[in-house]
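Read the structure below first, then the notes.
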Amino acid sequence: MRDRISITQWRGLKVSLFSLMIIQSVEFIRLQLPFKNGFEHARAVRKAGDTILVKLTTEAGECGWGEILPRAYVTGETVDAILDEASSEPTALVQSLSDLQIVNQTELEKWIDQQLPMYQHHTALFGGIEMAMWDVLNQVHGVDWDRAIGPVNERPLGRCVTIGFDATSEKLRARAIDAKLKQASVVKLKIGLDDDIERIKLLDKHLGKLPIRLDGNGLYDADRIRQLLKECARSTALQSIEQPFSHADNSYVDLQQSLFSEFNIPFAADESVCSIESARLWQESGGFQIYNLRIGKHGGLRATRVIRDLANDNAIGLVGGSMVGETGILSQASELLLSRSKGFDYIEGLGQNRQFLSLDPVELVEGDTPLKTFNLKPQATAELMHGSRTITCSY
Amino acid sequence: MSKQTEIYNFIKTLKPNVPDFEADQNLLEDEILDSVAMMELVLWSEEQYGFIVDTDDLTPENFATLTAITEYVEKMASSA
C-alpha cells in the first residue's frame with residue numbers, strides 16, 4: 001500500500017516538478033507621499049497623496065510589486081475602504097489567487113479575464129494586484145510582452161504639459177514659456193474658473209500654434225461649455241475638451257455629440273471611462289471621441305490594453321500618462337504600455353511625479369526585462385508608512 | 001560688464017550650487033538649469049534688457065547655451 005502524501009508535501013512536489021509559483025500572501029502598504037509643493041486639484045489643494053503599494057509574496061520568497069491609487073472622485077475607491085479589515089473585495093480577490101494552480105502567462109490572463117468583471121467598481125484595487133502578479137511572473141518565468149500588450153512602437157511620443165488652476169491670467173505667460181522650454185507638443189489647461197475664456201485666449205496667444213487641451217474635471221454645465229466653444233473653438237488652437245460634465249451624469253451624451261458636430265472639438269473621457277464595461281457603453285453611445293487611459297484606474301495592464309484596442313478598433317482617439325501622486329511602480333507600467341501602443345500622440349504627465357513627490361518611496365531593481373521590479377526604500381517604510389493589511393492565501 | 005557675464009552671474013545666482021560651466025555647454029542637457037530656472041532666466045532677461053521674448057523664439061538655437069542666449073539677448077536688445 002502506497003503511503004499517502006500530505007497536502008504540504010504535494011504542494012512541494014508540484015512546486016519542484018513544475019516550477020510552480022504559489023502565492024502565499026498579499027500585503028497592502030499605505031503610504032502618504034508629501035508633495036514638494038501643494039498640488040491644486042479641481043476641488044482642493046493637496047499637500048500629500050495617499051497610495052497603497054501591493055507586495056505579493058510567493059512561497060519561494062519572490063516578491064511582486066503593484067500599486068493602488070484609490071481616488072474616490074475617479075473610481076469611487078478609497079484608501080480606508082481597501083485597508084479596512086472588514087472590506088470583502090480585497091480578501092476575495094486575494095483568495096482567488098489560491099485557485100491558480102499553475103501560474104504561467106496563459107493562466108494569469110485567464111484568471112484576469114475571469115475575475116475582472118466582478119471588480120468593475122474596484123478597478124484600482126484589481127489593477128494593483130494584477131500588476132504585482134505580472135511582476136512576480138515576469139521574475140519567475142518571464143512574460144511575452146508582445147503577446148501581453150503588443151509589440152514595441154518605435155514612433156516617438158510627444159509631451160503634454162499641464163497648466164493648473166494656480167496659473168491665473170498673470171502667470172499664464174510664464175507657464176507658456178515653461179511649456180515651450182519643455183518642448184511640449186500640446187498643453188493641457190485645467191478649467192473651472194470664472195475667467196476661463198480669457199485664460200484660454202491668453203494662453204493661446206502666448207503659445208503660438210501649440211495645441212491646447214482643456215480639462216473640465218466635471219465643473220461645467222451645458223450653457224457654459226457652449227459659450228466657451230463659441231468663443232474659442234475657431235479662434236484658438238483648441239484641440240479637445242476633457243470631461244466637462246460630471247461623470248455621474250450620463251445625460252450629456254446627446255449634447256456632447258451635438259457640440260462635436262457643430263464645433264468639431266472632440267470630447268475626451270477621463271472619469272467616465274474607468275472600467276472596460278464603461279468604455280464599451282461610451283463607445284456604443286458615441287458620447288466621447290477620445291479616451292484618457294490610466295493603468296491605475298482601469299484595472300491594470302490587461303484591462304487598459306482591452307480599452308486601448310477597443311478605442312483603436314472604433315476610431316476613438318487616445319491620450320495616456322500617469323496620475324498625480326503615483327510612484328515609480330505605476331509610472332513604469334504606464335511607460336511599458338504606452339511604448340507598446342498605437343493611437344497615442346503624446347504622453348501626459350509621465351515624469352511629473354519626480355517633480356511633485358518629495359520622495360519616491362521605491363527604487364528600481366536593475367534588470368533587462370521590459371517590466372522592472374522595485375524595492376521599497378527603508379526611508380519610506382520608516383517615514384511614509386501609515387498602516388498595512390496582510391491577507392494570507394488559504395489552500 | 002558684458003551681457004554674457006551678467007547672464008552667467010544671474011545663472012549662478014539662480015543655481016549657486018552648479019559648478020562653473022563653459023559658454024558653449026548645453027544648459028538643460030548638462031543639467032546646469034532645469035526648465036523652471038530657464039523660465040526665470042527668460043523672464044529676467046526681458047526685464048533686464050527691455051524686450052519681450054516671443055515664445056516661438058524659445059528654441060535650442062536661442063537658449064541652449066550661454067553663448068546662444070547672449071547672442072539672442074544682444075540681437076533683441078538692439079532692436080528693442
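By convention here, the chains of the C-alpha cells are called A, B, ... in the order presented, each chain's residues are numbered starting at 1, and ligands are numbered starting at 1 in the order presented.
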
Residues of segment 202-269 of chain A classed as helix (DSSP H, G or I) by DSSP on the backbone are to be reported as an mmCIF file with all heavy atoms, in the first residue's frame.
data_model
loop_
_atom_site.group_PDB
_atom_site.id
_atom_site.type_symbol
_atom_site.label_atom_id
_atom_site.label_comp_id
_atom_site.auth_asym_id
_atom_site.auth_seq_id
_atom_site.Cartn_x
_atom_site.Cartn_y
_atom_site.Cartn_z
ATOM 1 N N LEU A 202 -5.716 83.977 -23.763
ATOM 2 C CA LEU A 202 -4.394 84.487 -23.392
ATOM 3 C C LEU A 202 -3.323 83.419 -23.580
ATOM 4 O O LEU A 202 -2.244 83.673 -24.147
ATOM 5 C CB LEU A 202 -4.440 84.927 -21.925
ATOM 6 C CG LEU A 202 -3.501 86.021 -21.455
ATOM 7 C CD1 LEU A 202 -3.573 87.234 -22.351
ATOM 8 C CD2 LEU A 202 -3.844 86.403 -20.008
ATOM 9 N N LEU A 203 -3.629 82.236 -23.131
ATOM 10 C CA LEU A 203 -2.669 81.139 -23.276
ATOM 11 C C LEU A 203 -2.400 80.861 -24.751
ATOM 12 O O LEU A 203 -1.248 80.658 -25.162
ATOM 13 C CB LEU A 203 -3.189 79.874 -22.586
ATOM 14 C CG LEU A 203 -2.254 78.668 -22.615
ATOM 15 C CD1 LEU A 203 -0.969 78.957 -21.848
ATOM 16 C CD2 LEU A 203 -2.935 77.428 -22.031
ATOM 17 N N ASP A 204 -3.453 80.870 -25.528
ATOM 18 C CA ASP A 204 -3.321 80.639 -26.966
ATOM 19 C C ASP A 204 -2.382 81.673 -27.592
ATOM 20 O O ASP A 204 -1.527 81.337 -28.416
ATOM 21 C CB ASP A 204 -4.700 80.701 -27.616
ATOM 22 C CG ASP A 204 -4.649 80.407 -29.100
ATOM 23 O OD1 ASP A 204 -4.368 79.252 -29.456
ATOM 24 O OD2 ASP A 204 -4.866 81.348 -29.890
ATOM 25 N N LYS A 205 -2.530 82.909 -27.158
ATOM 26 C CA LYS A 205 -1.667 83.979 -27.667
ATOM 27 C C LYS A 205 -0.202 83.706 -27.299
ATOM 28 O O LYS A 205 0.702 83.857 -28.129
ATOM 29 C CB LYS A 205 -2.122 85.318 -27.069
ATOM 30 C CG LYS A 205 -1.397 86.522 -27.578
ATOM 31 C CD LYS A 205 -1.938 87.768 -26.878
ATOM 32 C CE LYS A 205 -0.790 88.706 -26.567
ATOM 33 N NZ LYS A 205 -1.096 89.621 -25.475
ATOM 34 N N HIS A 206 0.027 83.271 -26.086
ATOM 35 C CA HIS A 206 1.397 83.023 -25.636
ATOM 36 C C HIS A 206 2.006 81.770 -26.256
ATOM 37 O O HIS A 206 3.216 81.679 -26.407
ATOM 38 C CB HIS A 206 1.450 82.885 -24.109
ATOM 39 C CG HIS A 206 1.072 84.129 -23.377
ATOM 40 N ND1 HIS A 206 1.524 85.369 -23.767
ATOM 41 C CD2 HIS A 206 0.298 84.328 -22.280
ATOM 42 C CE1 HIS A 206 1.029 86.281 -22.938
ATOM 43 N NE2 HIS A 206 0.290 85.679 -22.034
ATOM 44 N N LEU A 207 1.161 80.801 -26.567
ATOM 45 C CA LEU A 207 1.696 79.533 -27.066
ATOM 46 C C LEU A 207 1.916 79.515 -28.561
ATOM 47 O O LEU A 207 2.529 78.591 -29.088
ATOM 48 C CB LEU A 207 0.746 78.384 -26.699
ATOM 49 C CG LEU A 207 0.696 77.967 -25.233
ATOM 50 C CD1 LEU A 207 -0.397 76.923 -25.025
ATOM 51 C CD2 LEU A 207 2.034 77.420 -24.768
ATOM 52 N N ALA A 222 -24.076 72.820 -19.462
ATOM 53 C CA ALA A 222 -24.318 72.915 -20.905
ATOM 54 C C ALA A 222 -24.134 74.334 -21.439
ATOM 55 O O ALA A 222 -23.498 74.544 -22.478
ATOM 56 C CB ALA A 222 -25.731 72.411 -21.207
ATOM 57 N N ASP A 223 -24.693 75.310 -20.744
ATOM 58 C CA ASP A 223 -24.612 76.688 -21.236
ATOM 59 C C ASP A 223 -23.172 77.194 -21.281
ATOM 60 O O ASP A 223 -22.757 77.844 -22.235
ATOM 61 C CB ASP A 223 -25.447 77.616 -20.338
ATOM 62 C CG ASP A 223 -26.935 77.354 -20.511
ATOM 63 O OD1 ASP A 223 -27.302 76.757 -21.548
ATOM 64 O OD2 ASP A 223 -27.709 77.710 -19.615
ATOM 65 N N ARG A 224 -22.442 76.893 -20.220
ATOM 66 C CA ARG A 224 -21.054 77.389 -20.152
ATOM 67 C C ARG A 224 -20.176 76.761 -21.235
ATOM 68 O O ARG A 224 -19.346 77.424 -21.836
ATOM 69 C CB ARG A 224 -20.438 77.078 -18.780
ATOM 70 C CG ARG A 224 -20.810 78.068 -17.706
ATOM 71 C CD ARG A 224 -19.926 77.885 -16.494
ATOM 72 N NE ARG A 224 -18.620 78.531 -16.651
ATOM 73 C CZ ARG A 224 -17.574 78.294 -15.881
ATOM 74 N NH1 ARG A 224 -17.647 77.395 -14.931
ATOM 75 N NH2 ARG A 224 -16.445 78.928 -16.064
ATOM 76 N N ILE A 225 -20.368 75.466 -21.462
ATOM 77 C CA ILE A 225 -19.490 74.810 -22.438
ATOM 78 C C ILE A 225 -19.817 75.299 -23.855
ATOM 79 O O ILE A 225 -18.934 75.483 -24.692
ATOM 80 C CB ILE A 225 -19.574 73.266 -22.329
ATOM 81 C CG1 ILE A 225 -18.278 72.638 -22.857
ATOM 82 C CG2 ILE A 225 -20.743 72.665 -23.059
ATOM 83 C CD1 ILE A 225 -17.090 72.813 -22.004
ATOM 84 N N ARG A 226 -21.101 75.556 -24.101
ATOM 85 C CA ARG A 226 -21.480 76.077 -25.432
ATOM 86 C C ARG A 226 -20.865 77.462 -25.636
ATOM 87 O O ARG A 226 -20.326 77.769 -26.709
ATOM 88 C CB ARG A 226 -23.008 76.126 -25.554
ATOM 89 C CG ARG A 226 -23.488 76.603 -26.915
ATOM 90 C CD ARG A 226 -24.996 76.524 -27.015
ATOM 91 N NE ARG A 226 -25.487 75.164 -27.136
ATOM 92 C CZ ARG A 226 -25.444 74.442 -28.249
ATOM 93 N NH1 ARG A 226 -24.929 74.963 -29.351
ATOM 94 N NH2 ARG A 226 -25.914 73.216 -28.283
ATOM 95 N N GLN A 227 -20.948 78.267 -24.603
ATOM 96 C CA GLN A 227 -20.375 79.616 -24.687
ATOM 97 C C GLN A 227 -18.867 79.556 -24.925
ATOM 98 O O GLN A 227 -18.313 80.275 -25.766
ATOM 99 C CB GLN A 227 -20.674 80.376 -23.383
ATOM 100 C CG GLN A 227 -20.225 81.823 -23.355
ATOM 101 C CD GLN A 227 -20.937 82.661 -24.415
ATOM 102 O OE1 GLN A 227 -22.088 82.372 -24.770
ATOM 103 N NE2 GLN A 227 -20.258 83.675 -24.940
ATOM 104 N N LEU A 228 -18.223 78.676 -24.194
ATOM 105 C CA LEU A 228 -16.765 78.527 -24.340
ATOM 106 C C LEU A 228 -16.413 78.096 -25.767
ATOM 107 O O LEU A 228 -15.491 78.637 -26.382
ATOM 108 C CB LEU A 228 -16.258 77.496 -23.324
ATOM 109 C CG LEU A 228 -14.752 77.260 -23.247
ATOM 110 C CD1 LEU A 228 -14.374 76.823 -21.827
ATOM 111 C CD2 LEU A 228 -14.233 76.217 -24.215
ATOM 112 N N LEU A 229 -17.161 77.140 -26.290
ATOM 113 C CA LEU A 229 -16.868 76.665 -27.650
ATOM 114 C C LEU A 229 -17.120 77.754 -28.681
ATOM 115 O O LEU A 229 -16.368 77.898 -29.644
ATOM 116 C CB LEU A 229 -17.697 75.411 -27.946
ATOM 117 C CG LEU A 229 -17.158 74.134 -27.286
ATOM 118 C CD1 LEU A 229 -18.198 73.016 -27.314
ATOM 119 C CD2 LEU A 229 -15.867 73.669 -27.945
ATOM 120 N N LYS A 230 -18.184 78.518 -28.485
ATOM 121 C CA LYS A 230 -18.472 79.626 -29.415
ATOM 122 C C LYS A 230 -17.316 80.613 -29.453
ATOM 123 O O LYS A 230 -16.919 81.118 -30.506
ATOM 124 C CB LYS A 230 -19.746 80.356 -28.972
ATOM 125 C CG LYS A 230 -21.015 79.759 -29.542
ATOM 126 C CD LYS A 230 -22.192 80.625 -29.133
ATOM 127 C CE LYS A 230 -23.487 79.994 -29.604
ATOM 128 N NZ LYS A 230 -24.660 80.628 -29.014
ATOM 129 N N GLU A 231 -16.763 80.875 -28.284
ATOM 130 C CA GLU A 231 -15.706 81.898 -28.178
ATOM 131 C C GLU A 231 -14.338 81.372 -28.625
ATOM 132 O O GLU A 231 -13.517 82.143 -29.110
ATOM 133 C CB GLU A 231 -15.600 82.369 -26.721
ATOM 134 C CG GLU A 231 -16.827 83.074 -26.211
ATOM 135 C CD GLU A 231 -16.663 84.576 -26.196
ATOM 136 O OE1 GLU A 231 -15.626 85.056 -26.680
ATOM 137 O OE2 GLU A 231 -17.576 85.254 -25.708
ATOM 138 N N CYS A 232 -14.095 80.094 -28.409
ATOM 139 C CA CYS A 232 -12.715 79.598 -28.563
ATOM 140 C C CYS A 232 -12.507 78.549 -29.649
ATOM 141 O O CYS A 232 -11.370 78.347 -30.091
ATOM 142 C CB CYS A 232 -12.218 79.003 -27.245
ATOM 143 S SG CYS A 232 -12.284 80.136 -25.857
ATOM 144 N N ASN A 250 -24.950 60.897 -16.963
ATOM 145 C CA ASN A 250 -24.824 60.412 -18.348
ATOM 146 C C ASN A 250 -25.791 61.098 -19.309
ATOM 147 O O ASN A 250 -25.896 60.713 -20.459
ATOM 148 C CB ASN A 250 -25.069 58.897 -18.397
ATOM 149 C CG ASN A 250 -23.965 58.140 -17.696
ATOM 150 O OD1 ASN A 250 -22.892 58.689 -17.454
ATOM 151 N ND2 ASN A 250 -24.220 56.891 -17.364
ATOM 152 N N SER A 251 -26.470 62.108 -18.817
ATOM 153 C CA SER A 251 -27.499 62.732 -19.659
ATOM 154 C C SER A 251 -26.901 63.667 -20.707
ATOM 155 O O SER A 251 -27.627 64.259 -21.503
ATOM 156 C CB SER A 251 -28.485 63.507 -18.781
ATOM 157 O OG SER A 251 -27.818 64.604 -18.178
ATOM 158 N N TYR A 252 -25.582 63.810 -20.697
ATOM 159 C CA TYR A 252 -24.950 64.749 -21.615
ATOM 160 C C TYR A 252 -24.517 64.121 -22.943
ATOM 161 O O TYR A 252 -23.896 64.781 -23.766
ATOM 162 C CB TYR A 252 -23.719 65.375 -20.947
ATOM 163 C CG TYR A 252 -24.065 66.340 -19.847
ATOM 164 C CD1 TYR A 252 -23.888 65.999 -18.520
ATOM 165 C CD2 TYR A 252 -24.572 67.597 -20.151
ATOM 166 C CE1 TYR A 252 -24.199 66.886 -17.500
ATOM 167 C CE2 TYR A 252 -24.893 68.487 -19.137
ATOM 168 C CZ TYR A 252 -24.707 68.126 -17.818
ATOM 169 O OH TYR A 252 -25.021 69.008 -16.830
ATOM 170 N N VAL A 253 -24.842 62.827 -23.139
ATOM 171 C CA VAL A 253 -24.377 62.135 -24.347
ATOM 172 C C VAL A 253 -24.807 62.881 -25.609
ATOM 173 O O VAL A 253 -23.980 63.195 -26.470
ATOM 174 C CB VAL A 253 -24.935 60.688 -24.396
ATOM 175 C CG1 VAL A 253 -24.463 60.001 -25.660
ATOM 176 C CG2 VAL A 253 -24.497 59.920 -23.172
ATOM 177 N N ASP A 254 -26.104 63.168 -25.704
ATOM 178 C CA ASP A 254 -26.623 63.813 -26.916
ATOM 179 C C ASP A 254 -26.024 65.207 -27.089
ATOM 180 O O ASP A 254 -25.692 65.609 -28.206
ATOM 181 C CB ASP A 254 -28.152 63.918 -26.860
ATOM 182 C CG ASP A 254 -28.794 62.546 -26.943
ATOM 183 O OD1 ASP A 254 -28.098 61.607 -27.389
ATOM 184 O OD2 ASP A 254 -29.968 62.415 -26.548
ATOM 185 N N LEU A 255 -25.883 65.922 -25.980
ATOM 186 C CA LEU A 255 -25.321 67.279 -26.058
ATOM 187 C C LEU A 255 -23.873 67.229 -26.570
ATOM 188 O O LEU A 255 -23.492 68.009 -27.441
ATOM 189 C CB LEU A 255 -25.377 67.943 -24.681
ATOM 190 C CG LEU A 255 -24.705 69.309 -24.604
ATOM 191 C CD1 LEU A 255 -25.477 70.342 -25.432
ATOM 192 C CD2 LEU A 255 -24.582 69.786 -23.162
ATOM 193 N N GLN A 256 -23.091 66.302 -26.020
ATOM 194 C CA GLN A 256 -21.689 66.218 -26.456
ATOM 195 C C GLN A 256 -21.602 65.864 -27.938
ATOM 196 O O GLN A 256 -20.781 66.412 -28.668
ATOM 197 C CB GLN A 256 -20.931 65.191 -25.593
ATOM 198 C CG GLN A 256 -20.643 65.716 -24.197
ATOM 199 C CD GLN A 256 -19.772 64.814 -23.338
ATOM 200 O OE1 GLN A 256 -19.537 65.124 -22.182
ATOM 201 N NE2 GLN A 256 -19.303 63.713 -23.871
ATOM 202 N N GLN A 257 -22.463 64.956 -28.382
ATOM 203 C CA GLN A 257 -22.458 64.594 -29.804
ATOM 204 C C GLN A 257 -22.814 65.810 -30.663
ATOM 205 O O GLN A 257 -22.193 66.067 -31.695
ATOM 206 C CB GLN A 257 -23.472 63.480 -30.065
ATOM 207 C CG GLN A 257 -22.947 62.111 -29.659
ATOM 208 C CD GLN A 257 -23.984 61.026 -29.904
ATOM 209 O OE1 GLN A 257 -25.184 61.271 -29.803
ATOM 210 N NE2 GLN A 257 -23.509 59.832 -30.199
ATOM 211 N N SER A 258 -23.835 66.546 -30.197
ATOM 212 C CA SER A 258 -24.284 67.700 -30.978
ATOM 213 C C SER A 258 -23.223 68.805 -31.002
ATOM 214 O O SER A 258 -22.962 69.418 -32.043
ATOM 215 C CB SER A 258 -25.613 68.172 -30.385
ATOM 216 O OG SER A 258 -25.668 69.542 -30.262
ATOM 217 N N LEU A 259 -22.550 69.016 -29.866
ATOM 218 C CA LEU A 259 -21.497 70.046 -29.829
ATOM 219 C C LEU A 259 -20.302 69.629 -30.686
ATOM 220 O O LEU A 259 -19.670 70.459 -31.341
ATOM 221 C CB LEU A 259 -21.048 70.285 -28.386
ATOM 222 C CG LEU A 259 -22.059 70.975 -27.460
ATOM 223 C CD1 LEU A 259 -21.568 70.978 -26.025
ATOM 224 C CD2 LEU A 259 -22.337 72.403 -27.927
ATOM 225 N N PHE A 260 -20.016 68.341 -30.690
ATOM 226 C CA PHE A 260 -18.907 67.856 -31.522
ATOM 227 C C PHE A 260 -19.233 68.079 -32.998
ATOM 228 O O PHE A 260 -18.385 68.518 -33.780
ATOM 229 C CB PHE A 260 -18.643 66.377 -31.241
ATOM 230 C CG PHE A 260 -17.583 65.774 -32.125
ATOM 231 C CD1 PHE A 260 -16.289 66.287 -32.135
ATOM 232 C CD2 PHE A 260 -17.873 64.705 -32.960
ATOM 233 C CE1 PHE A 260 -15.300 65.750 -32.950
ATOM 234 C CE2 PHE A 260 -16.896 64.156 -33.783
ATOM 235 C CZ PHE A 260 -15.610 64.679 -33.776
ATOM 236 N N SER A 261 -20.488 67.801 -33.378
ATOM 237 C CA SER A 261 -20.894 68.023 -34.773
ATOM 238 C C SER A 261 -20.800 69.492 -35.146
ATOM 239 O O SER A 261 -20.377 69.857 -36.242
ATOM 240 C CB SER A 261 -22.340 67.573 -34.995
ATOM 241 O OG SER A 261 -22.464 66.231 -34.704
ATOM 242 N N GLU A 262 -21.186 70.343 -34.204
ATOM 243 C CA GLU A 262 -21.229 71.781 -34.502
ATOM 244 C C GLU A 262 -19.836 72.418 -34.522
ATOM 245 O O GLU A 262 -19.526 73.227 -35.407
ATOM 246 C CB GLU A 262 -22.109 72.472 -33.451
ATOM 247 C CG GLU A 262 -22.364 73.945 -33.747
ATOM 248 C CD GLU A 262 -23.308 74.571 -32.721
ATOM 249 O OE1 GLU A 262 -23.940 73.829 -31.931
ATOM 250 O OE2 GLU A 262 -23.397 75.814 -32.716
ATOM 251 N N PHE A 263 -18.997 72.049 -33.562
ATOM 252 C CA PHE A 263 -17.711 72.755 -33.409
ATOM 253 C C PHE A 263 -16.481 71.929 -33.795
ATOM 254 O O PHE A 263 -15.379 72.467 -33.866
ATOM 255 C CB PHE A 263 -17.551 73.232 -31.959
ATOM 256 C CG PHE A 263 -18.571 74.243 -31.541
ATOM 257 C CD1 PHE A 263 -19.662 73.888 -30.775
ATOM 258 C CD2 PHE A 263 -18.450 75.575 -31.938
ATOM 259 C CE1 PHE A 263 -20.610 74.817 -30.383
ATOM 260 C CE2 PHE A 263 -19.387 76.526 -31.553
ATOM 261 C CZ PHE A 263 -20.476 76.145 -30.782
#

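The protein and nucleic acid residues lying at most 12 Å from Asn9 of chain B are Met1, Ser2, Lys3, Gln4, Leu14, Lys15, Pro16, Val18, Asp20, Phe21, Leu41 and Leu66 of chain B, with only C-alpha atoms considered and sequence neighbours fewer than 5 positions away removed.
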
**Contact residues (chain A, partner chain B, 8 Å, only C-alpha atoms) as a PyMOL selection string** = chain A and resi 174+176-178+180-182+206-208

May I have the residues from that selection written out with N, CA and C atoms, as an mmCIF file, in the first residue's frame?
data_model
loop_
_atom_site.group_PDB
_atom_site.id
_atom_site.type_symbol
_atom_site.label_atom_id
_atom_site.label_comp_id
_atom_site.auth_asym_id
_atom_site.auth_seq_id
_atom_site.Cartn_x
_atom_site.Cartn_y
_atom_site.Cartn_z
ATOM 1 N N ALA A 174 4.312 82.968 -18.132
ATOM 2 C CA ALA A 174 5.443 82.204 -17.590
ATOM 3 C C ALA A 174 5.222 80.708 -17.792
ATOM 4 N N ALA A 176 3.430 79.349 -20.140
ATOM 5 C CA ALA A 176 3.570 79.063 -21.573
ATOM 6 C C ALA A 176 5.051 78.936 -21.934
ATOM 7 N N ILE A 177 5.866 79.807 -21.371
ATOM 8 C CA ILE A 177 7.317 79.731 -21.610
ATOM 9 C C ILE A 177 7.852 78.398 -21.091
ATOM 10 N N ASP A 178 7.402 78.030 -19.918
ATOM 11 C CA ASP A 178 7.822 76.752 -19.331
ATOM 12 C C ASP A 178 7.460 75.590 -20.267
ATOM 13 N N LYS A 180 6.945 75.648 -23.485
ATOM 14 C CA LYS A 180 7.780 75.716 -24.696
ATOM 15 C C LYS A 180 9.175 75.167 -24.412
ATOM 16 N N LEU A 181 9.716 75.555 -23.248
ATOM 17 C CA LEU A 181 11.058 75.090 -22.899
ATOM 18 C C LEU A 181 11.091 73.581 -22.685
ATOM 19 N N LYS A 182 9.975 73.039 -22.256
ATOM 20 C CA LYS A 182 9.903 71.582 -22.078
ATOM 21 C C LYS A 182 9.599 70.877 -23.397
ATOM 22 N N HIS A 206 0.027 83.271 -26.086
ATOM 23 C CA HIS A 206 1.397 83.023 -25.636
ATOM 24 C C HIS A 206 2.006 81.770 -26.256
ATOM 25 N N LEU A 207 1.161 80.801 -26.567
ATOM 26 C CA LEU A 207 1.696 79.533 -27.066
ATOM 27 C C LEU A 207 1.916 79.515 -28.561
ATOM 28 N N GLY A 208 1.427 80.516 -29.249
ATOM 29 C CA GLY A 208 1.540 80.469 -30.705
ATOM 30 C C GLY A 208 0.616 79.389 -31.240
#

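Separating atom CA of Gly49 of chain A from atom CA of Gly325 of chain A is a distance of 5.5 Å.
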
**Message:** Which residues are near Ser341 of chain A? Cut-off 9 Å, only C-alpha atoms, ignore same chain within fewer than 3 positions. Put them as an NGL selection string.
**Reply:** :A and (149-153 or 305 or 308-309 or 336-338 or 344)

Every residue of segment 215-270 of chain A that DSSP places in strand (DSSP E), as a PDB file with N, CA and C atoms, in the first residue's frame:
ATOM      1  N   ASP A 215      -9.231  70.651 -19.633  1.00  0.00           N
ATOM      2  CA  ASP A 215      -9.694  69.619 -18.717  1.00  0.00           C
ATOM      3  C   ASP A 215     -10.725  70.234 -17.783  1.00  0.00           C
ATOM      4  N   LEU A 238      -7.583  75.232 -29.958  1.00  0.00           N
ATOM      5  CA  LEU A 238      -8.238  74.271 -29.066  1.00  0.00           C
ATOM      6  C   LEU A 238      -8.295  72.906 -29.739  1.00  0.00           C
ATOM      7  N   GLN A 239      -7.825  71.887 -29.012  1.00  0.00           N
ATOM      8  CA  GLN A 239      -7.743  70.554 -29.613  1.00  0.00           C
ATOM      9  C   GLN A 239      -8.818  69.603 -29.092  1.00  0.00           C
ATOM     10  N   SER A 240      -9.124  69.684 -27.792  1.00  0.00           N
ATOM     11  CA  SER A 240     -10.140  68.799 -27.225  1.00  0.00           C
ATOM     12  C   SER A 240     -10.591  69.341 -25.863  1.00  0.00           C
ATOM     13  N   ILE A 241     -11.704  68.803 -25.397  1.00  0.00           N
ATOM     14  CA  ILE A 241     -12.179  69.146 -24.045  1.00  0.00           C
ATOM     15  C   ILE A 241     -12.416  67.849 -23.286  1.00  0.00           C
ATOM     16  N   GLU A 242     -11.736  67.749 -22.144  1.00  0.00           N
ATOM     17  CA  GLU A 242     -11.851  66.520 -21.363  1.00  0.00           C
ATOM     18  C   GLU A 242     -12.864  66.684 -20.234  1.00  0.00           C
ATOM     19  N   PHE A 267     -14.577  65.451 -27.513  1.00  0.00           N
ATOM     20  CA  PHE A 267     -14.663  65.341 -26.058  1.00  0.00           C
ATOM     21  C   PHE A 267     -13.871  64.117 -25.600  1.00  0.00           C
ATOM     22  N   ALA A 268     -13.079  64.326 -24.550  1.00  0.00           N
ATOM     23  CA  ALA A 268     -12.270  63.231 -24.015  1.00  0.00           C
ATOM     24  C   ALA A 268     -12.843  62.761 -22.685  1.00  0.00           C
ATOM     25  N   ALA A 269     -12.888  61.445 -22.518  1.00  0.00           N
ATOM     26  CA  ALA A 269     -13.414  60.866 -21.275  1.00  0.00           C
ATOM     27  C   ALA A 269     -12.277  60.594 -20.312  1.00  0.00           C
TER      28      ALA A 269
END

**Prompt:** For the atom pair atom CA of Thr373 of chain A and atom CA of His141 of chain A, what is the interatomic distance in Å to one decimal place?
**Reply:** 13.9 Å

**Prompt:** What's the 6 Å shell around segment 59-71 of chain A, counting only C-alpha atoms, without same-chain residues fewer than 6 positions away, as a ChimeraX atom specification?
**Reply:** /A:22,24,51-53,77-79,124-125,128-129,131-132,135-136

**Message:** So that I can check the surroundings of Leu364 of chain A, please list as a ChimeraX atom specification every protein, DNA and RNA residue that reaches within 12 Å of it, counting only C-alpha atoms and ignoring chain neighbours fewer than 5 positions away.
**Reply:** /A:65,327-329,331-332,371-377

Got time to write the residues from that selection, N, CA and C atoms, as a short mmCIF file (atom, residue, chain, number, x, y, z; two decimals), in the first residue's frame?
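result_28.cif, freshly written:
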data_model
loop_
_atom_site.label_atom_id
_atom_site.label_comp_id
_atom_site.auth_asym_id
_atom_site.auth_seq_id
_atom_site.Cartn_x
_atom_site.Cartn_y
_atom_site.Cartn_z
N TRP A 65 5.53 43.53 -7.03
CA TRP A 65 5.01 44.81 -6.54
C TRP A 65 3.95 45.39 -7.49
N THR A 327 3.70 56.34 -7.68
CA THR A 327 5.13 56.10 -7.52
C THR A 327 5.70 55.55 -8.83
N GLY A 328 6.97 55.21 -8.80
CA GLY A 328 7.62 54.64 -9.98
C GLY A 328 6.99 53.35 -10.44
N ILE A 329 6.30 52.64 -9.55
CA ILE A 329 5.71 51.34 -9.94
C ILE A 329 4.63 51.55 -11.01
N SER A 331 4.14 54.31 -12.71
CA SER A 331 4.67 55.08 -13.84
C SER A 331 5.36 54.19 -14.85
N GLN A 332 6.16 53.23 -14.37
CA GLN A 332 6.87 52.40 -15.33
C GLN A 332 5.92 51.44 -16.05
N LEU A 371 9.48 44.96 -18.05
CA LEU A 371 8.85 45.37 -16.78
C LEU A 371 9.89 45.25 -15.67
N LYS A 372 10.20 46.35 -15.05
CA LYS A 372 11.19 46.35 -13.97
C LYS A 372 10.49 46.04 -12.64
N THR A 373 11.28 45.56 -11.71
CA THR A 373 10.74 45.38 -10.37
C THR A 373 11.37 46.42 -9.43
N PHE A 374 10.79 46.53 -8.27
CA PHE A 374 11.18 47.60 -7.35
C PHE A 374 11.42 47.05 -5.95
N ASN A 375 12.08 47.85 -5.14
CA ASN A 375 12.16 47.62 -3.70
C ASN A 375 11.62 48.85 -2.99
N LEU A 376 11.01 48.63 -1.85
CA LEU A 376 10.58 49.76 -1.03
C LEU A 376 11.80 50.31 -0.29
N LYS A 377 12.01 51.61 -0.39
CA LYS A 377 13.16 52.20 0.29
C LYS A 377 12.95 52.14 1.81
#
